[in-house]
Structures are given as C-alpha cells and as structure tokens.
There are 2 protein chains.
Amino acid sequence: MISEKMVDLVKNSSVIRAMFEEGQKMAAIYGAENVYDFSLGNPNVAPPAAVAETIKELVNEDSQRLHGYMSNAGFEDVREAICASLNRRFDTHFIAENIIMTVGAAGGLNVIFRALLNPGDEVITFAPYFGEYRSYVRNYDGKLIAIAPDTTTFQPDLTAFEQAITAKTKAVLVNTPNNPTGVVYSEDTIKKMAAILEKKQQEYGTEIYLISDEPYRELVYDGAFVPYLTKYYKNTIVGYSFSKSLSLPGERIGYLVIPGEIDDYKMVQGAANVANRILGYVNAPSMFQLVVAKCIDEKTDVAYYDRNRETLYNGLKDLGFSCIKPEGAFYLFVKSPIADEKEFCEKAKKYHLLIVPGSSFGCAGFVRIAYCVSYETIVNSLPKFKELAEEIGLQ
Amino acid sequence: MISEKMVDLVKNSSVIRAMFEEGQKMAAIYGAENVYDFSLGNPNVAPPAAVAETIKELVNEDSQRLHGYMSNAGFEDVREAICASLNRRFDTHFIAENIIMTVGAAGGLNVIFRALLNPGDEVITFAPYFGEYRSYVRNYDGKLIAIAPDTTTFQPDLTAFEQAITAKTKAVLVNTPNNPTGVVYSEDTIKKMAAILEKKQQEYGTEIYLISDEPYRELVYDGAFVPYLTKYYKNTIVGYSFSKSLSLPGERIGYLVIPGEIDDYKMVQGAANVANRILGYVNAPSMFQLVVAKCIDEKTDVAYYDRNRETLYNGLKDLGFSCIKPEGAFYLFVKSPIADEKEFCEKAKKYHLLIVPGSSFGCAGFVRIAYCVSYETIVNSLPKFKELAEEIGLQ
C-alpha cells in the first residue's frame, strides 16, 4: 500500500500533465499536425544558438569539473556570473553566497518551502495560480491559501490579501509574469503588497517571506516593466528557471536568490543549502550550470511568441471569445463560453484542441491556452476554434 | 525562523560534504597536489569517450526533444533501452513502464520513500550505511532502523534483522556493493534475507518492500558476483545511478525499477510517477537521459580503481592498519587505530589526509577512505599515512 498522503495527491494529479500525455497519444493516431496541443508550457522556440555552441566547447573541458560533484549550492563561478548579471540589470548587490543553483524553479520552490515550513504554516498565493503549488506546499505539511481572483484585471485583490494574513502566514508566493493569465503585477501592486506585508509582520511579530516564482521574467511584450521584488520588500526570496528564457525546461536548471538582508539570513541560507542536498537533488545538473553561466545574457525569440500572442488573441476575440490581453509569459486565459469550463475543454478536444480547465489553476470558468507552439499550429487551429465557437453558438 | 525539522537536519548535516568543502579550501591554500582528499565519492576516472561523442552528436538534433519536457517518467525510448540492457544482462523481463528516470539515485530514493511511507513507518538498513539515508527517510517522517554491523565480515547480521522487523516495517534498504565497506552481499545472504522477508510479510500480513540502492553495481573486482535482487524477492524495487558507472555524478541521472510483480504495482508505480513530479524534479535531466541510453553498455575503467584499491589496501596494511578488502565500490573502511575515530580523522587532517569518520555511517571506530582519486594521490599519500601511523604509535 502506498502512503496515504500520496493517494490523495495521485487522485488530484496534474490535469495539465494528463492532457500532455493524451496529446502525445492523439498525435500518434491523427498526426502531430492535426492535433493542436495547447496544454503544456513547453517552449516551441529553440534555445539561442549559443547554447549548442557552448555545449560543444564544454565537452572538451576537464570532465571532472564538467560532470563531477561540486558544492551543493553549485559552482562558485556560475553563481558569480548570475550575480553579475542580476546586479547589472536590476541594480542589486548580490554575492555568490546568495545564490543556490536548483533543479529548475520547481526544485527551488521545494527547497525553500522545505527550509521554511512547519506543519500547519500558511502560504498565501493568488488565484489563478500554477496548480503544482498545492503539492509543493503540501509536501511539507503547509497549507496553501488562495486569494480569489479579480477576474477583470487579474491583479491581486489586496484587500482580500490583507484579510487573509494570519499569525501562521509564513510565506506569500507570487508569480509575475503570471501563469496562467500572462498578467504582470504592476509596480503599484507590488508597493502596496510590500506595505501590507511590513504592517502585518509588525502586527504579528513574525517574518513573512515573499517568494517570487519568476520563470517568465524575460518573456514580456510591448516593453512591460517587471519590478525586481527584492527591491520593494526586504524579506523577498526569488526562484528562477532557465526553462523558458533559454528554452531548457527538460534540463531542470534554475536558481534561488536568498538576499543577505532577509531576516534570519544565515539560517535560511544554510537550511536551503542542506534541503537542496537531502531532498535528493544533491546539486543542479553540472554541465547545464556551466551552460547557463556562459549564456546568461542570451535572449529567447520573444518576437516569435509575440506574433503567436497577437494572432491567437485577435483570432479568438474575432470569434467572440473573451480574454485579457497578456503582457507576459505565453498563455491566454480565456473566459469559458459555457459555465462548466471542463465541459468546454471536452468539447474542444473533439476538434483536437487541447486546452486546460481553469479549475486546475484555482479559477473555474476560464481555460488556459499555452501559445508556446509553432505559428502554424496557431494559424491552423483558428478554423477549429471557429467550428467550436459555432457548435456552442458563440457567434 | 526556519522549519524546526530543518534546524535538526542542518545540525546533523553531512560530515562528508563539510569535509569536501574544507578540502577545496585546503587545496586553494596548499595546492591540490598537497592535499589528499579521500572524502567524497567523486569519480576521478573520466567518463567513457562515448559520452562526449554522444553529446556532440545530440546537440545537432531537434532541440525540443533534446531539452524539452517529456513524460515525467522520462523518454519512452530511453526507458526501453534501459530495459533491454537489464533484461539481457540479468535475464529479467522489464518493460518501459517499470522504469522511472530520476535525478540520480538520491532522487530515486526520495521518490520511492515519498510514494511508500506514512509517518512512523520503519525503514530497516544495515550499518554501516550512507548517512544521507537518515534524511531521505526523515523527509517523509519515516524512522530509519539501523542493524548493528558484524564488523568481521560486514555482511548483514540476519538474526538481528529478523528481530528488528515489526508490523511497521515498510521497507528494507540495502546497498551492495556497499558504501562505505566495499562489501558485496553474497547470494547466500540475499536468499536468507528474502526468506526472512517472505516469512515476516506473511506473519504481519503486510508488504515489506526491499529497496536496492545500487550505484556501485558495475564497480566490482576479481569477478565478484552481484545478485540482481528482483530475482530473489518479489517486492524488490531498484534504485540506480549513472554517477559512478559513467562518472556523471554532477549530472544527476539515474532510474528506479518498479517491477510489475510487486504488490500494489499500479499504485506504487503511479505514486512514484507523481512523486517524481511534485517533489520538484519534474523529470530527470533530458539530454543526459538520451546520453545514458546511447552509452548504456559503456564501461568505466574499473582497472584504474582496482590499482588504487590494491595499492592503498596493501600500503595501509603494511603500515599496520586493519581493513576488510573491498570487493566493490571505491571505498576502504579502515579500523581506527584510536578508539575515537573522529580524533583520528582530526590527526589525519594535520597531514592533509581527509578521511571520513565511521560515525557518519552509523559505525563508530572506523573511517572511510574514498579511493576514487588519482593514482598519484594514492602513491603520494602513503608516506603521509606512514607519518600518521608513527605519530599514533601504530608500528
């Protein structure tokens, strides 16, 4: 018999992942070009050419450095390269010790929750949110508290946020640019959020860590400004991933930033370091640490995603669908034209359109469409969306 | 403030890792050639040439397959390649579904403990054992029960084992070839262990899973035979890593074998799959999945380790040290010539000899010497061991 906790977690297992597996099966039956798989945030844009070139150079280097163990936090020079890039871009003052290389952002979030959470501790996040957050918090017996969305702007509802903070609030988890809405939290939102956190820390005499999960930081359109959160609130910890910015999601490479000025810095930094080891990651994959350090200022082809965004957004709007225009990431969060969005997703599947119910993100009545696919998929999917719109009488 | 559980885990953090960090600092001060760092199982032998060649070929392939997401369990064809190799070598009958690609063996053990353990469940292992097992079990609120060693043979004490099994015993964790002793559990030991487990399962009406952690399977000397445990006991699960067999410890690549005939197979396999995702691994690093599949039958230079083994074993024996001759892995487990082996390790440090106290492996009075270093290090360390032996009056 498996663990009781797992029984529950298996039951509520990721709808996104199940759909991805289903999409692969459908592609095998109908041909990949006849399946419009918008289920997963798996970048279609190739990594920058520098990635392959760097790998070719690295394989000639000393194999023990390339593939061997290093400190659990990662290579010192890799962490220095990351600091230098962050400090230059965001006018911060991080040193190598503030960086822990992690197995993607998912690894980083698990590490920091493992370091911080006692059973029963509360972690606040804002719906809609990446559904895996539930599991990451539950892994350490914490409780995820989701603030209901303002479905007009999808900016966090700060009044509800303030009311939700209790003496048990250990962390607040934000994700901007946001998956699944593509919304970027404005500087005004961040400032107000920071002020609320300061006030509540004082009120309860606790530390409340703001954890910023930002794999989509570099993926913004129309020059949108994404504030670097450590500059607005002292107790901020950043989780980053190169999955989207360098199109390396399968390689599991990211990092945590634990700034020196957070409360109990030494303990948190030490605990995160140990957590990285004992959770079985041991260290972030060695060669890809070296790859990302050398490619730290390379950029993905944002214009490609932007064309997808414009084409799909305008195409769906013309068909009568309703959706906020995303400023970042590569998702559209579309209002379901029928009340039960799961039913809508099922109907879409008949047209080989794979889209994810909003209830997976704690926000029923909407669906997520991941447009990190080929432009041809976008263009070819629109007639299918038209048929779908006609079936449900949208037009 | 950090999690209470972490406070304890940080305090008991890995002595091996601390020593590795210290060794790197000492190397910076005294020069790497003047520090004899026997602390960490970080292979000195380079990966087979096929690894670099495979990487060079792979970088020209489709980047979305190379670096993108795949099913959480790993690439189907990679898992098939692993099955084919196992089935051919061990006359087993695994299919791809039985394999889950993991972030090293440490990742695999965390996945299977997360899948199986309820709080308070007991996991039996045999001292001396890899100290990280304590944390891996503790992560899921299990209790590691260590059977005291037979320090003559370092084969498991099966009488004590039988007595230690209770209704709460969920798993037995074995590691053969063994870290830190280098002992290979004999077929006779395995057969008796299996018989005890069968009997106790029946007695308690429970399932007791035998988990075989075998990163050292391929590292054996003098033709030693390492039984494949699934063939001796039905409820066996195997954790494997390519860290040692292909000298890729930093890349974090391994797999779990969950045979179809174990009790509650579907649930265990499903839970392990979900655990692999939600613990934040998501999937084993993608490119190195493809690398190990193509290099599955490549072999490391066992002869190099063997020369180290013979030279160090004979050298230390001649100096009056006492040690069982290892049949596998790349460690010597030497009896400490002074009662407190930590004191002995401190004395050794004065000669720039970095060795690990046996208490880190649940076996005080011994020290572990990792001989996965250059032959020159072995040769040059012997005069230092001689000085150490003289200081403590060994000769």
# chains A, B, ... in the order shown; residues from 1 in each chain; ligands from 1

$ residues_around --residues "Arg252 in chain B" --least-positions-apart "4" --cutoff "12 Å" --atoms "only C-alpha atoms" --output "MDAnalysis selection string"
(chainID A and resid 67:70 102:103 251:253 277 280:288) or (chainID B and resid 101:108 215 240:244 246:248 281 283:289 292)

$ residues_around --residues "Tyr140 in chain A" --least-positions-apart "4" --cutoff "10 Å" --atoms "only C-alpha atoms" --output "ChimeraX atom specification"
/A:110,113-121,135-136 /B:3,139-140

$ closest_residue --among "A:Glu21, A:Arg309, A:Ala194, A:Ser381" --to "Glu76 in chain B" --atoms "only C-alpha atoms"
A:Glu21

$ closest_residue --among "B:Cys295, B:Ala389, B:Ala303, B:Val226" --to "Glu53 in chain B" --atoms "only C-alpha atoms"
B:Cys295

$ atom_distance --atom1 "CA of Leu319 in chain B" --atom2 "CA of Tyr36 in chain B"
17.3 Å

$ residues_around --residues "range 341-350 of chain A" --least-positions-apart "2" --cutoff "7 Å" --atoms "only C-alpha atoms" --output "number ranges by chain"
A: 336, 338-339, 352-357, 364-367, 388

$ closest_residue --among "A:Thr54, A:Gln64, A:Gln24, A:Thr181" --to "Val373 in chain B" --atoms "only C-alpha atoms"
A:Gln64

$ residues_around --residues "Thr125 in chain A" --least-positions-apart "4" --cutoff "8 Å" --atoms "only C-alpha atoms" --output "PyMOL selection string"
chain A and resi 129+144-147+172-174

$ write_last_selection --atoms "C-alpha atoms" --output "PDB file, in the first residue's frame"
ATOM      1  CA  TYR A 129      -2.046  30.021  -9.834  1.00  0.00           C
ATOM      2  CA  LEU A 144      -1.900  26.864   0.603  1.00  0.00           C
ATOM      3  CA  ILE A 145      -4.332  29.767   0.986  1.00  0.00           C
ATOM      4  CA  ALA A 146      -5.556  31.068  -2.367  1.00  0.00           C
ATOM      5  CA  ILE A 147      -6.898  34.600  -2.681  1.00  0.00           C
ATOM      6  CA  VAL A 172       3.439  34.645   0.166  1.00  0.00           C
ATOM      7  CA  LEU A 173       4.029  33.119  -3.247  1.00  0.00           C
ATOM      8  CA  VAL A 174       3.682  35.334  -6.308  1.00  0.00           C
TER       9      VAL A 174
END

$ atom_distance --atom1 "CA of Asn314 in chain B" --atom2 "CA of Asn42 in chain B"
22.4 Å

$ closest_residue --among "B:Asp157, B:Glu376, B:Glu4, B:Asp340" --to "Met193 in chain B" --atoms "only C-alpha atoms"
B:Asp157

$ atom_distance --atom1 "CA of Gly142 in chain B" --atom2 "CA of Ile124 in chain B"
10.4 Å

$ select_by_dssp --residues "range 108-324 of chain B" --states "strand (DSSP E)" --output "mmCIF file with C-alpha atoms, in the first residue's frame"
data_model
loop_
_atom_site.group_PDB
_atom_site.id
_atom_site.type_symbol
_atom_site.label_atom_id
_atom_site.label_comp_id
_atom_site.auth_asym_id
_atom_site.auth_seq_id
_atom_site.Cartn_x
_atom_site.Cartn_y
_atom_site.Cartn_z
ATOM 1 C CA GLU B 122 10.013 1.989 9.680
ATOM 2 C CA VAL B 123 12.778 1.502 7.136
ATOM 3 C CA ILE B 124 15.457 -1.017 8.091
ATOM 4 C CA THR B 125 19.003 -0.656 6.862
ATOM 5 C CA PHE B 126 22.341 -2.197 7.796
ATOM 6 C CA LYS B 143 12.036 6.080 11.003
ATOM 7 C CA LEU B 144 15.354 4.600 9.921
ATOM 8 C CA ILE B 145 16.212 1.476 11.917
ATOM 9 C CA ALA B 146 19.883 0.527 11.595
ATOM 10 C CA ILE B 147 21.001 -3.046 12.244
ATOM 11 C CA THR B 169 8.385 -2.161 8.716
ATOM 12 C CA LYS B 170 7.521 -0.747 5.319
ATOM 13 C CA ALA B 171 10.855 -1.135 3.586
ATOM 14 C CA VAL B 172 14.345 -2.551 3.848
ATOM 15 C CA LEU B 173 17.100 -0.547 2.225
ATOM 16 C CA VAL B 174 20.237 -2.344 1.080
ATOM 17 C CA TYR B 209 9.497 -3.602 0.025
ATOM 18 C CA LEU B 210 13.170 -4.370 -0.441
ATOM 19 C CA ILE B 211 14.820 -1.283 -1.911
ATOM 20 C CA SER B 212 18.168 -1.912 -3.519
ATOM 21 C CA ASP B 213 20.332 1.201 -3.860
ATOM 22 C CA THR B 236 12.022 -5.570 -4.728
ATOM 23 C CA ILE B 237 12.476 -2.047 -6.112
ATOM 24 C CA VAL B 238 15.835 -0.990 -7.561
ATOM 25 C CA GLY B 239 17.399 2.487 -7.438
ATOM 26 C CA TYR B 240 20.239 3.031 -9.878
ATOM 27 C CA SER B 241 22.543 5.901 -10.757
ATOM 28 C CA GLY B 254 19.551 7.550 -12.603
ATOM 29 C CA TYR B 255 16.400 5.455 -12.574
ATOM 30 C CA LEU B 256 14.035 3.386 -10.462
ATOM 31 C CA VAL B 257 12.970 -0.118 -11.464
#

$ closest_residue --among "A:Tyr233, A:Phe385, A:Phe361, A:Tyr331" --to "Ser14 in chain A" --atoms "only C-alpha atoms"
A:Phe361

$ select_by_dssp --residues "range 120-345 of chain B" --states "alpha helix (DSSP H)" --output "ChimeraX atom specification"
/B:132-138,158-164,187-204,265-278,286-294,302-318,341-345

$ residues_around --residues "Glu218 in chain B" --least-positions-apart "4" --cutoff "9 Å" --atoms "only C-alpha atoms" --output "ChimeraX atom specification"
/B:177,214,226,244-245,299-300,302,328-329
